[in-house]
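Data file: run_32.tsv. Format and content: TSV, C-alpha atoms.
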chain	number	residue	atom	x	y	z
A	1	MET	CA	0.00	0.00	0.00
A	2	LYS	CA	1.52	3.29	-1.15
A	3	VAL	CA	1.01	6.30	1.13
A	4	ILE	CA	1.79	9.81	-0.14
A	5	ILE	CA	2.47	12.34	2.62
A	6	ILE	CA	2.10	15.97	1.57
A	7	GLY	CA	4.41	18.00	3.80
A	8	GLY	CA	7.89	17.33	5.14
A	9	GLY	CA	7.66	19.07	8.52
A	10	ILE	CA	7.65	17.24	11.83
A	11	ILE	CA	4.07	16.01	11.32
A	12	GLY	CA	4.90	14.56	7.91
A	13	LEU	CA	8.18	12.98	9.03
A	14	SER	CA	6.64	11.53	12.21
A	15	SER	CA	3.87	10.04	10.09
A	16	ALA	CA	6.46	8.61	7.71
A	17	PHE	CA	8.34	7.11	10.68
A	18	TYR	CA	5.38	5.10	11.98
A	19	LEU	CA	3.94	4.28	8.56
A	20	GLN	CA	7.27	2.85	7.44
A	21	GLN	CA	7.47	0.81	10.62
A	22	ALA	CA	3.98	-0.53	9.90
A	23	GLY	CA	5.09	-1.77	6.49
A	24	TYR	CA	3.69	0.87	4.14
A	25	SER	CA	5.52	2.20	1.09
A	26	VAL	CA	5.92	5.90	1.95
A	27	THR	CA	6.65	8.93	-0.22
A	28	VAL	CA	6.95	12.45	1.24
A	29	VAL	CA	6.35	15.38	-1.11
A	30	ASP	CA	7.28	18.93	-0.10
A	31	ARG	CA	7.42	22.29	-1.84
A	32	THR	CA	10.79	23.07	-0.16
A	33	ASP	CA	14.04	21.29	0.66
A	34	MET	CA	12.59	20.45	4.13
A	35	LEU	CA	15.50	22.14	5.91
A	36	GLU	CA	14.18	25.43	7.31
A	37	GLY	CA	10.44	25.37	8.00
A	38	CYS	CA	8.58	25.83	11.29
A	39	SER	CA	9.77	22.44	12.45
A	40	HIS	CA	13.34	23.79	12.46
A	41	GLY	CA	13.12	27.31	13.90
A	42	ASN	CA	10.81	26.68	16.84
A	43	ALA	CA	11.57	26.54	20.56
A	44	GLY	CA	11.87	22.75	20.68
A	45	TYR	CA	9.51	22.31	23.63
A	46	ILE	CA	7.90	19.00	24.56
A	47	CYS	CA	5.30	20.54	26.80
A	48	PRO	CA	2.40	18.73	28.49
A	49	SER	CA	2.15	22.03	30.41
A	50	HIS	CA	0.50	23.57	27.33
A	51	PHE	CA	-3.00	22.23	27.87
A	52	VAL	CA	-4.70	25.57	27.14
A	53	PRO	CA	-5.57	26.16	23.46
A	54	LEU	CA	-4.61	29.33	21.62
A	55	ALA	CA	-8.28	30.37	21.41
A	56	THR	CA	-8.99	31.78	24.88
A	57	PRO	CA	-10.96	34.80	26.14
A	58	GLY	CA	-7.71	36.25	27.51
A	59	ILE	CA	-5.84	36.25	24.20
A	60	VAL	CA	-8.70	38.13	22.52
A	61	ARG	CA	-8.71	40.87	25.15
A	62	GLN	CA	-4.93	41.11	25.30
A	63	GLY	CA	-4.64	40.98	21.53
A	64	LEU	CA	-6.81	44.05	21.12
A	65	ARG	CA	-4.54	45.97	23.51
A	66	TRP	CA	-1.43	44.83	21.65
A	67	MET	CA	-2.69	45.65	18.16
A	68	MET	CA	-1.11	49.10	17.95
A	69	ASP	CA	2.29	48.11	19.37
A	70	ALA	CA	4.79	47.14	16.64
A	71	GLY	CA	6.93	45.24	19.15
A	72	SER	CA	4.09	43.38	20.87
A	73	PRO	CA	3.86	39.58	21.10
A	74	PHE	CA	0.60	39.38	19.13
A	75	TYR	CA	-0.53	41.19	16.00
A	76	ILE	CA	-3.14	40.69	13.29
A	77	LYS	CA	-2.68	42.67	10.10
A	78	PRO	CA	-6.15	44.04	9.20
A	79	SER	CA	-7.35	42.68	5.88
A	80	LEU	CA	-10.50	42.09	3.87
A	81	ASN	CA	-9.20	38.63	2.97
A	82	LYS	CA	-12.12	36.20	3.06
A	83	ASP	CA	-10.14	33.37	4.65
A	84	LEU	CA	-8.79	35.63	7.40
A	85	ILE	CA	-12.27	36.95	8.18
A	86	ASN	CA	-13.68	33.41	8.24
A	87	TRP	CA	-10.90	32.29	10.58
A	88	GLY	CA	-11.28	35.34	12.81
A	89	LEU	CA	-15.02	34.90	13.29
A	90	LYS	CA	-14.60	31.24	14.18
A	91	PHE	CA	-11.67	32.04	16.47
A	92	LEU	CA	-13.77	34.60	18.37
A	93	LYS	CA	-16.63	32.12	18.67
A	94	SER	CA	-14.24	29.45	20.00
A	95	ALA	CA	-12.50	31.71	22.52
A	96	THR	CA	-14.67	30.82	25.50
A	97	ALA	CA	-14.04	29.42	28.96
A	98	ALA	CA	-16.13	26.37	28.06
A	99	HIS	CA	-13.92	25.66	25.02
A	100	VAL	CA	-10.77	25.98	27.13
A	101	GLU	CA	-12.19	23.48	29.63
A	102	ARG	CA	-13.20	21.01	26.89
A	103	SER	CA	-9.81	21.22	25.23
A	104	ALA	CA	-7.66	20.51	28.29
A	105	VAL	CA	-8.03	16.71	28.39
A	106	PRO	CA	-7.37	16.01	24.68
A	107	LEU	CA	-4.40	18.40	24.66
A	108	ARG	CA	-3.03	16.73	27.79
A	109	ASP	CA	-3.49	13.26	26.35
A	110	ILE	CA	-1.81	13.92	23.02
A	111	SER	CA	1.03	15.79	24.77
A	112	LEU	CA	1.74	12.96	27.19
A	113	LEU	CA	1.55	10.39	24.40
A	114	SER	CA	3.99	12.44	22.36
A	115	LYS	CA	6.45	12.79	25.23
A	116	GLN	CA	6.37	9.04	25.79
A	117	LEU	CA	7.12	8.41	22.11
A	118	TYR	CA	9.94	10.97	22.03
A	119	GLU	CA	11.52	9.18	24.97
A	120	THR	CA	11.42	5.99	22.90
A	121	TRP	CA	13.05	7.83	19.99
A	122	ALA	CA	15.73	9.25	22.29
A	123	ALA	CA	16.75	5.70	23.20
A	124	MET	CA	17.29	4.78	19.54
A	125	PRO	CA	20.97	4.97	18.50
A	126	GLU	CA	19.92	5.98	14.95
A	127	LEU	CA	18.21	9.18	16.16
A	128	SER	CA	19.93	12.09	17.87
A	129	PHE	CA	18.22	15.31	18.93
A	130	SER	CA	19.63	16.37	22.32
A	131	TYR	CA	16.57	15.36	24.34
A	132	ALA	CA	16.66	17.08	27.74
A	133	PRO	CA	13.88	16.22	30.23
A	134	PHE	CA	14.67	19.00	32.70
A	135	GLY	CA	11.32	20.76	32.93
A	136	MET	CA	10.16	24.28	32.14
A	137	LEU	CA	9.92	27.56	34.03
A	138	GLU	CA	7.23	30.14	33.26
A	139	LEU	CA	8.51	33.36	34.81
A	140	PHE	CA	6.10	36.08	35.87
A	141	LYS	CA	6.80	39.68	36.86
A	142	THR	CA	3.36	41.01	37.87
A	143	GLU	CA	0.95	40.27	40.72
A	144	GLN	CA	-1.78	39.70	38.15
A	145	ASN	CA	0.19	36.90	36.54
A	146	ALA	CA	1.14	35.56	39.96
A	147	HIS	CA	-2.59	35.05	40.64
A	148	HIS	CA	-3.01	33.53	37.19
A	149	ALA	CA	-0.13	31.17	37.99
A	150	GLU	CA	-2.04	29.88	41.03
A	151	HIS	CA	-5.00	29.00	38.82
A	152	THR	CA	-2.67	27.32	36.31
A	153	VAL	CA	-1.22	25.11	39.03
A	154	GLU	CA	-4.73	24.17	40.21
A	155	GLU	CA	-5.81	23.31	36.65
A	156	ALA	CA	-2.65	21.29	36.07
A	157	ALA	CA	-3.21	19.33	39.29
A	158	ALA	CA	-6.76	18.51	38.21
A	159	LEU	CA	-5.32	17.05	35.00
A	160	GLY	CA	-2.62	15.09	36.80
A	161	ILE	CA	0.20	17.32	35.51
A	162	GLU	CA	2.83	18.22	38.08
A	163	ALA	CA	3.26	21.97	38.56
A	164	ARG	CA	4.26	24.19	41.43
A	165	ILE	CA	4.85	27.86	42.12
A	166	LEU	CA	8.40	28.94	42.97
A	167	ASP	CA	9.40	32.21	44.56
A	168	LYS	CA	12.37	34.20	43.30
A	169	ALA	CA	14.84	32.41	45.57
A	170	ALA	CA	13.68	28.98	44.43
A	171	VAL	CA	13.94	30.08	40.79
A	172	SER	CA	17.53	31.14	41.41
A	173	GLN	CA	18.32	27.72	42.86
A	174	LEU	CA	17.15	26.07	39.64
A	175	GLU	CA	18.93	28.66	37.45
A	176	PRO	CA	22.07	29.62	39.41
A	177	ASP	CA	24.03	30.77	36.35
A	178	VAL	CA	21.99	33.90	35.61
A	179	ALA	CA	20.32	36.75	37.51
A	180	ILE	CA	16.56	36.72	37.00
A	181	ASP	CA	14.28	39.71	37.57
A	182	ALA	CA	10.89	38.13	38.25
A	183	LEU	CA	8.50	37.64	41.15
A	184	GLY	CA	8.57	33.91	40.64
A	185	ALA	CA	7.66	31.13	38.24
A	186	VAL	CA	5.48	28.14	37.61
A	187	TYR	CA	7.71	25.09	37.37
A	188	PHE	CA	6.60	22.15	35.20
A	189	PRO	CA	9.11	19.36	35.92
A	190	GLY	CA	7.45	17.03	33.38
A	191	ASP	CA	8.29	19.16	30.33
A	192	ALA	CA	11.30	18.51	28.11
A	193	GLN	CA	13.43	20.16	25.45
A	194	LEU	CA	15.01	19.03	22.19
A	195	TYR	CA	17.03	20.54	19.34
A	196	PRO	CA	14.59	20.76	16.40
A	197	ASN	CA	17.16	21.18	13.62
A	198	GLN	CA	19.00	18.08	14.78
A	199	LEU	CA	15.75	16.13	15.13
A	200	MET	CA	14.61	16.92	11.60
A	201	LEU	CA	17.96	16.10	10.00
A	202	SER	CA	18.22	12.91	12.02
A	203	LEU	CA	14.73	11.82	10.96
A	204	LEU	CA	15.41	12.59	7.29
A	205	THR	CA	18.61	10.54	7.35
A	206	TYR	CA	16.99	7.65	9.22
A	207	LEU	CA	13.92	7.52	6.97
A	208	GLU	CA	15.92	7.70	3.77
A	209	GLY	CA	17.95	4.77	5.05
A	210	LYS	CA	14.71	2.85	5.62
A	211	GLY	CA	13.55	3.37	2.05
A	212	VAL	CA	11.18	6.31	2.48
A	213	GLN	CA	11.19	8.34	-0.74
A	214	PHE	CA	11.50	12.12	-0.55
A	215	ILE	CA	10.42	14.39	-3.40
A	216	ARG	CA	11.69	17.90	-2.73
A	217	HIS	CA	10.88	21.22	-4.41
A	218	ARG	CA	7.66	19.80	-5.82
A	219	GLU	CA	4.36	21.59	-5.19
A	220	VAL	CA	1.11	19.63	-5.05
A	221	THR	CA	-1.44	21.15	-7.43
A	222	GLY	CA	-4.35	18.72	-7.31
A	223	PHE	CA	-5.60	15.18	-6.98
A	224	ALA	CA	-6.79	12.40	-9.25
A	225	MET	CA	-10.08	11.09	-7.93
A	226	THR	CA	-12.18	8.05	-8.69
A	227	GLY	CA	-15.51	8.02	-6.90
A	228	ASN	CA	-14.85	8.51	-3.21
A	229	ARG	CA	-11.15	7.71	-3.41
A	230	ILE	CA	-7.96	9.58	-4.26
A	231	VAL	CA	-5.90	7.57	-6.73
A	232	GLY	CA	-3.11	10.04	-7.38
A	233	VAL	CA	-1.45	13.30	-6.43
A	234	ASP	CA	-0.77	15.91	-9.13
A	235	THR	CA	2.40	17.95	-8.71
A	236	THR	CA	4.40	20.53	-10.64
A	237	GLY	CA	6.66	17.66	-11.68
A	238	GLY	CA	3.96	15.20	-12.72
A	239	GLY	CA	1.50	12.79	-11.12
A	240	ILE	CA	2.17	10.22	-8.38
A	241	ALA	CA	-0.05	7.20	-7.83
A	242	ALA	CA	-1.44	6.83	-4.32
A	243	ASP	CA	-3.41	4.31	-2.30
A	244	HIS	CA	-3.70	6.73	0.62
A	245	VAL	CA	-2.94	10.44	1.07
A	246	VAL	CA	-1.88	12.19	4.28
A	247	LEU	CA	-2.35	15.96	4.18
A	248	ALA	CA	0.27	17.45	6.52
A	249	ALA	CA	1.22	20.60	4.63
A	250	GLY	CA	0.96	23.12	7.46
A	251	VAL	CA	-0.48	26.50	6.46
A	252	TRP	CA	-0.70	25.34	2.83
A	253	SER	CA	-3.16	22.59	3.80
A	254	THR	CA	-6.24	24.83	3.66
A	255	ALA	CA	-6.11	25.42	-0.10
A	256	LEU	CA	-5.45	21.74	-0.81
A	257	ALA	CA	-8.27	20.66	1.50
A	258	ARG	CA	-10.74	22.70	-0.54
A	259	GLN	CA	-10.20	20.27	-3.38
A	260	PHE	CA	-11.73	17.62	-1.12
A	261	GLY	CA	-14.61	19.95	-0.31
A	262	LEU	CA	-13.17	20.33	3.19
A	263	ASN	CA	-13.22	23.54	5.23
A	264	ILE	CA	-10.31	23.74	7.69
A	265	PRO	CA	-10.07	27.40	8.78
A	266	MET	CA	-6.41	28.16	9.31
A	267	VAL	CA	-3.99	31.08	9.11
A	268	GLY	CA	-0.24	31.41	9.29
A	269	GLY	CA	0.87	32.74	12.66
A	270	ARG	CA	4.35	34.05	11.95
A	271	GLY	CA	6.96	33.61	14.63
A	272	TYR	CA	10.61	34.66	14.83
A	273	SER	CA	13.66	33.12	16.47
A	274	VAL	CA	17.36	33.80	16.81
A	275	THR	CA	19.91	31.15	17.76
A	276	PHE	CA	23.30	31.90	19.30
A	277	GLU	CA	25.72	29.07	18.56
A	278	ASP	CA	28.15	29.92	21.40
A	279	ALA	CA	26.04	31.92	23.80
A	280	PRO	CA	27.97	33.81	26.50
A	281	TYR	CA	25.03	33.25	28.85
A	282	LYS	CA	23.52	30.04	30.14
A	283	VAL	CA	20.17	28.74	31.32
A	284	ARG	CA	19.69	25.13	32.31
A	285	ARG	CA	16.11	24.51	31.21
A	286	SER	CA	13.35	25.90	29.01
A	287	ILE	CA	12.04	29.30	30.10
A	288	ILE	CA	8.92	31.19	29.08
A	289	LEU	CA	8.60	34.89	29.88
A	290	SER	CA	4.88	34.82	30.52
A	291	GLU	CA	3.91	38.48	30.17
A	292	ALA	CA	6.09	38.89	27.07
A	293	ARG	CA	5.22	35.54	25.45
A	294	VAL	CA	8.90	34.92	24.72
A	295	ALA	CA	10.56	31.49	24.75
A	296	ILE	CA	14.17	30.81	25.76
A	297	SER	CA	15.60	27.42	24.81
A	298	PRO	CA	18.96	25.91	25.72
A	299	MET	CA	19.90	23.49	22.93
A	300	ASP	CA	22.62	20.99	22.20
A	301	GLY	CA	24.94	22.05	25.02
A	302	ASN	CA	26.14	25.52	24.01
A	303	LYS	CA	23.28	26.88	21.88
A	304	LEU	CA	20.65	29.33	23.07
A	305	ARG	CA	17.51	30.18	21.10
A	306	PHE	CA	15.16	33.10	21.69
A	307	GLY	CA	11.76	33.06	20.00
A	308	GLY	CA	8.34	34.55	20.08
A	309	THR	CA	5.54	36.67	18.61
A	310	MET	CA	2.34	35.60	16.91
A	311	GLU	CA	1.89	37.71	13.80
A	312	ILE	CA	-1.16	36.94	11.67
A	313	THR	CA	-0.10	38.33	8.32
A	314	PRO	CA	-0.25	37.25	4.66
A	315	LEU	CA	2.35	34.72	3.59
A	316	HIS	CA	5.50	36.16	2.00
A	317	THR	CA	5.13	39.47	3.88
A	318	PRO	CA	8.65	40.82	4.55
A	319	PRO	CA	9.84	40.21	8.13
A	320	ARG	CA	9.47	43.02	10.64
A	321	MET	CA	12.68	43.48	12.61
A	322	ARG	CA	10.78	45.54	15.18
A	323	ARG	CA	9.20	42.27	16.25
A	324	VAL	CA	12.64	40.76	16.81
A	325	GLN	CA	13.70	43.84	18.76
A	326	GLY	CA	10.64	43.30	20.95
A	327	ILE	CA	11.85	39.78	21.78
A	328	PHE	CA	15.31	41.05	22.77
A	329	ASP	CA	13.85	43.90	24.82
A	330	SER	CA	11.69	41.43	26.72
A	331	VAL	CA	14.63	39.13	27.47
A	332	LYS	CA	16.55	42.07	28.93
A	333	ARG	CA	13.66	42.91	31.29
A	334	TYR	CA	13.68	39.44	32.82
A	335	LEU	CA	17.36	38.58	32.44
A	336	PRO	CA	19.17	41.93	32.83
A	337	GLU	CA	22.63	40.40	32.38
A	338	PHE	CA	21.74	39.24	28.87
A	339	ASP	CA	23.29	41.99	26.77
A	340	LEU	CA	22.61	40.65	23.29
A	341	PRO	CA	22.99	42.66	20.07
A	342	LEU	CA	20.11	42.69	17.59
A	343	PRO	CA	21.25	40.42	14.76
A	344	THR	CA	21.10	41.32	11.11
A	345	ALA	CA	18.02	40.19	9.20
A	346	ASP	CA	19.87	37.28	7.57
A	347	LYS	CA	20.49	35.77	11.03
A	348	VAL	CA	16.80	35.81	11.96
A	349	TRP	CA	14.59	32.80	11.31
A	350	TYR	CA	10.87	33.27	10.74
A	351	GLY	CA	8.11	30.91	9.74
A	352	TYR	CA	4.35	30.48	9.62
A	353	ARG	CA	2.75	28.27	12.22
A	354	PRO	CA	-0.52	26.64	11.05
A	355	CYS	CA	-3.09	28.08	13.47
A	356	SER	CA	-6.52	26.46	13.49
A	357	ALA	CA	-9.62	28.47	14.34
A	358	ASP	CA	-10.04	26.93	17.80
A	359	GLY	CA	-6.45	26.20	18.83
A	360	LEU	CA	-6.76	22.43	18.36
A	361	PRO	CA	-5.06	20.48	15.57
A	362	TYR	CA	-6.96	18.89	12.70
A	363	ILE	CA	-6.35	15.13	12.87
A	364	GLY	CA	-8.62	12.52	11.32
A	365	ASN	CA	-9.94	10.68	8.28
A	366	LEU	CA	-12.41	12.29	5.89
A	367	SER	CA	-15.92	10.94	5.54
A	368	ARG	CA	-16.27	11.74	1.82
A	369	TYR	CA	-12.86	10.57	0.62
A	370	THR	CA	-12.16	7.44	2.58
A	371	ASN	CA	-8.42	7.23	1.89
A	372	VAL	CA	-7.47	10.75	3.00
A	373	THR	CA	-6.06	11.52	6.45
A	374	VAL	CA	-5.62	15.13	7.60
A	375	ALA	CA	-2.92	16.10	10.12
A	376	THR	CA	-2.29	19.84	10.40
A	377	GLY	CA	-3.16	22.97	12.39
A	378	HIS	CA	-0.88	22.36	15.37
A	379	SER	CA	-0.09	26.07	15.84
A	380	MET	CA	2.91	26.43	18.21
A	381	LEU	CA	2.75	22.78	19.30
A	382	GLY	CA	3.95	21.08	16.13
A	383	ILE	CA	7.17	19.69	17.59
A	384	SER	CA	5.56	18.94	20.94
A	385	LEU	CA	2.71	16.93	19.40
A	386	GLY	CA	4.64	15.65	16.38
A	387	ALA	CA	5.52	12.12	17.46
A	388	ALA	CA	2.02	11.42	18.77
A	389	THR	CA	0.40	12.80	15.62
A	390	GLY	CA	2.53	10.50	13.49
A	391	LYS	CA	1.44	7.52	15.57
A	392	LEU	CA	-2.23	8.54	15.32
A	393	VAL	CA	-1.94	9.05	11.55
A	394	THR	CA	-0.63	5.50	11.13
A	395	GLU	CA	-3.54	4.15	13.17
A	396	LEU	CA	-5.97	6.18	11.06
A	397	VAL	CA	-4.46	4.96	7.79
A	398	GLY	CA	-4.71	1.36	9.03
A	399	LYS	CA	-8.25	1.89	10.34
A	400	THR	CA	-7.18	0.53	13.73
A	401	PRO	CA	-8.22	1.89	17.16
A	402	THR	CA	-6.35	5.10	17.98
A	403	SER	CA	-4.12	5.47	21.03
A	404	MET	CA	-6.46	8.15	22.42
A	405	ASP	CA	-9.81	9.76	21.72
A	406	ILE	CA	-9.20	12.13	18.80
A	407	SER	CA	-12.80	13.20	18.18
A	408	PRO	CA	-12.06	16.78	19.40
A	409	PHE	CA	-9.50	17.07	16.59
A	410	HIS	CA	-11.79	15.93	13.77
A	411	PRO	CA	-10.95	17.86	10.59
A	412	GLU	CA	-14.63	18.20	9.64
A	413	ARG	CA	-15.68	19.91	12.89
A	414	PHE	CA	-16.21	23.24	11.12
A	415	GLY	CA	-18.27	21.64	8.37
A	416	ARG	CA	-17.45	20.53	4.86

Output the structure of this file as C-alpha cells.
Amino acid sequence: MKVIIIGGGIIGLSSAFYLQQAGYSVTVVDRTDMLEGCSHGNAGYICPSHFVPLATPGIVRQGLRWMMDAGSPFYIKPSLNKDLINWGLKFLKSATAAHVERSAVPLRDISLLSKQLYETWAAMPELSFSYAPFGMLELFKTEQNAHHAEHTVEEAAALGIEARILDKAAVSQLEPDVAIDALGAVYFPGDAQLYPNQLMLSLLTYLEGKGVQFIRHREVTGFAMTGNRIVGVDTTGGGIAADHVVLAAGVWSTALARQFGLNIPMVGGRGYSVTFEDAPYKVRRSIILSEARVAISPMDGNKLRFGGTMEITPLHTPPRMRRVQGIFDSVKRYLPEFDLPLPTADKVWYGYRPCSADGLPYIGNLSRYTNVTVATGHSMLGISLGAATGKLVTELVGKTPTSMDISPFHPERFGR
C-alpha cells in the first residue's frame, strides 16, 4: 500500500516514521528542501504544560490591547481577505471558557503520548536530537500573573500534571548561572526540550535509510479522484499514484483541503527566532517569559535560542525586525545580564505556524474521501505533538483503534 504524505515538517516525518514501521511504502512530497520550515526554527519544547488552546478569552482581550504596538507579542494585520475573516469569526466564537475546559483533556493526552514516544526515539541509536527532560519555568513579573499562575497550578493538578509555584529564591536555585528579575515562576518538571534542527535532520537521514522516498521542491497542485477515493497526487513535476494520502502541509493545507470539499479554517501565525551558537550566557532549562510571550531554549549544550511573537499576516510578507527587537527587549527585562545585540536580518529565522480556528489540531480521516487523512493545524505545538500525531496518523491509515480519543481534533468539525 503506497502512502503519499504531503508535507515534510515534523508532522509529515513523524507520520512517515510510523507508517514505514507498519510496512507501508511511503513517499513524502514537499514544496521546499525540508531544511528550514517551522519544524526547524521553533523553541523545541515538549510541553504537556500547554494544555490551554490558543483560542482563549484572555488572548482576545490582550490581543486588542497589543494591536497598535509594533513590538508586541501578538498582531493581526487588518485585511478584507475572506479566509482571514472566516478564521477570525470562528476564532472569536471558539475563545470561551467552556472551550478551554473542553480542550484541556485532549491536549493533555496527546502531549503525554507524544512525550512518551519521544523518549522511545531518544533511546534509539539511529536518532539524535539532544533530548533534555529538565522541565520548564514560566517566569512572571506582575501580581496579576502571579494570581493567574495559582489557577494554572490548580488546573494542572486537576489534570494530573505536576506543577508548582516557585518564589524568586527557588527560581535562582534552579537557574544559578543567571540573575533573573521576576517575582517567581510556575515550574513544570514534566516538560522537556530538544534541538529541532538536529531532530529533523536525524529523521530525514533515518527515513531515507529505511527506504522512504523524498520528493523535494515539488508543489502539489491537485488530486486524481475516482468516486470517493484519491488515486493520485498531481504535482508541478507530474503525477504520483497513491493508495492513501496524508495531508500534513501546514499552512498550505487549507487550499489543498478545498479540493476535497473540506473547510479547515487556518492562518499562518508568523513567529521569529534567533539562535546563538556559542552563547555567552547560560540557562539550564526551558524558560517562558509569561507576560512577554517569549521562549528561551537551551539546545545541544552551548546553543541558546530566543523566539516569540504571533503575527497573523499574509504569507510572503517581509519580516518586521521591530518584532525581533521586541523579543530582545523582553529578554533584557527578565534577564538583565543578557546583553545581546540585535542580529542582522539574515540571522533571523521566521516561519508560519498553522493556526486552526479553535487552537486544536486537525487530525482525522475524511468521511467523503475514505483514503485521506488530515494532520495539520498544530499552531505552536507542532514539535511537541509531532511524534504522537505520526502515531495517530498510522492508526488512522490502518483503520485501527487510535491510542487516544481524537474526536475533538476531527478535521470536519467546522463543516465541509

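If you look at atom CA of Ala185 of chain A and atom CA of Phe276 of chain A, they are 24.6 Å away from each other.
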
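When only C-alpha atoms are used to compute distances to Gly359 of chain A, the closest of the residues A:Thr221, A:Ser290, A:Thr56, A:Thr236 turns out to be A:Thr56.
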
Report as a tab-separated table the residues of segment 264-374 of chain A within 12 Å of segment 5-27 of chain A, each with its shortest atom pair and distance in Å (one decimal), using all atoms listed in the file, ordered by chain and increasing residue number.
residue	atom	partner	partner_atom	distance
A:Gly351	CA	A:Gly9	CA	11.9
A:Tyr352	CA	A:Gly9	CA	11.9
A:Arg353	CA	A:Gly9	CA	11.1
A:Pro354	CA	A:Gly9	CA	11.4
A:Pro361	CA	A:Ile11	CA	11.0
A:Tyr362	CA	A:Ile11	CA	11.5
A:Ile363	CA	A:Ile11	CA	10.6
A:Val372	CA	A:Ile5	CA	10.1
A:Thr373	CA	A:Ile5	CA	9.4
A:Val374	CA	A:Ile6	CA	9.8

A:Val348, A:Leu289, A:Val100, A:Ile296 ranked by distance to Ser330 of chain A, top pick (using all atoms listed in the file) = A:Leu289

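Between Leu247 of chain A and the candidates A:Ser356, A:Asn365, A:Gln213, A:Thr205, the tightest atom-to-atom separation, counting all atoms listed in the file, involves A:Asn365.
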
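Taking atom CA of Thr254 of chain A and atom CA of Phe91 of chain A as endpoints, the distance between them is 15.7 Å.
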
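Closest approach to Asp191 of chain A from the set A:Arg285, A:Arg293, A:His40, A:His378 is made by A:Arg285, with distances taken over all atoms listed in the file.
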
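Between Tyr195 of chain A and the candidates A:Ala43, A:Ile287, A:Ala357, A:Leu80, the tightest atom-to-atom separation, counting all atoms listed in the file, involves A:Ala43.
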
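We find atom CA of His244 of chain A and atom CA of Asn371 of chain A to be spaced 4.9 Å apart.
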
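Closest approach to His147 of chain A from the set A:Leu183, A:Leu256, A:Ile76, A:Met299 is made by A:Leu183, with distances taken over only C-alpha atoms.
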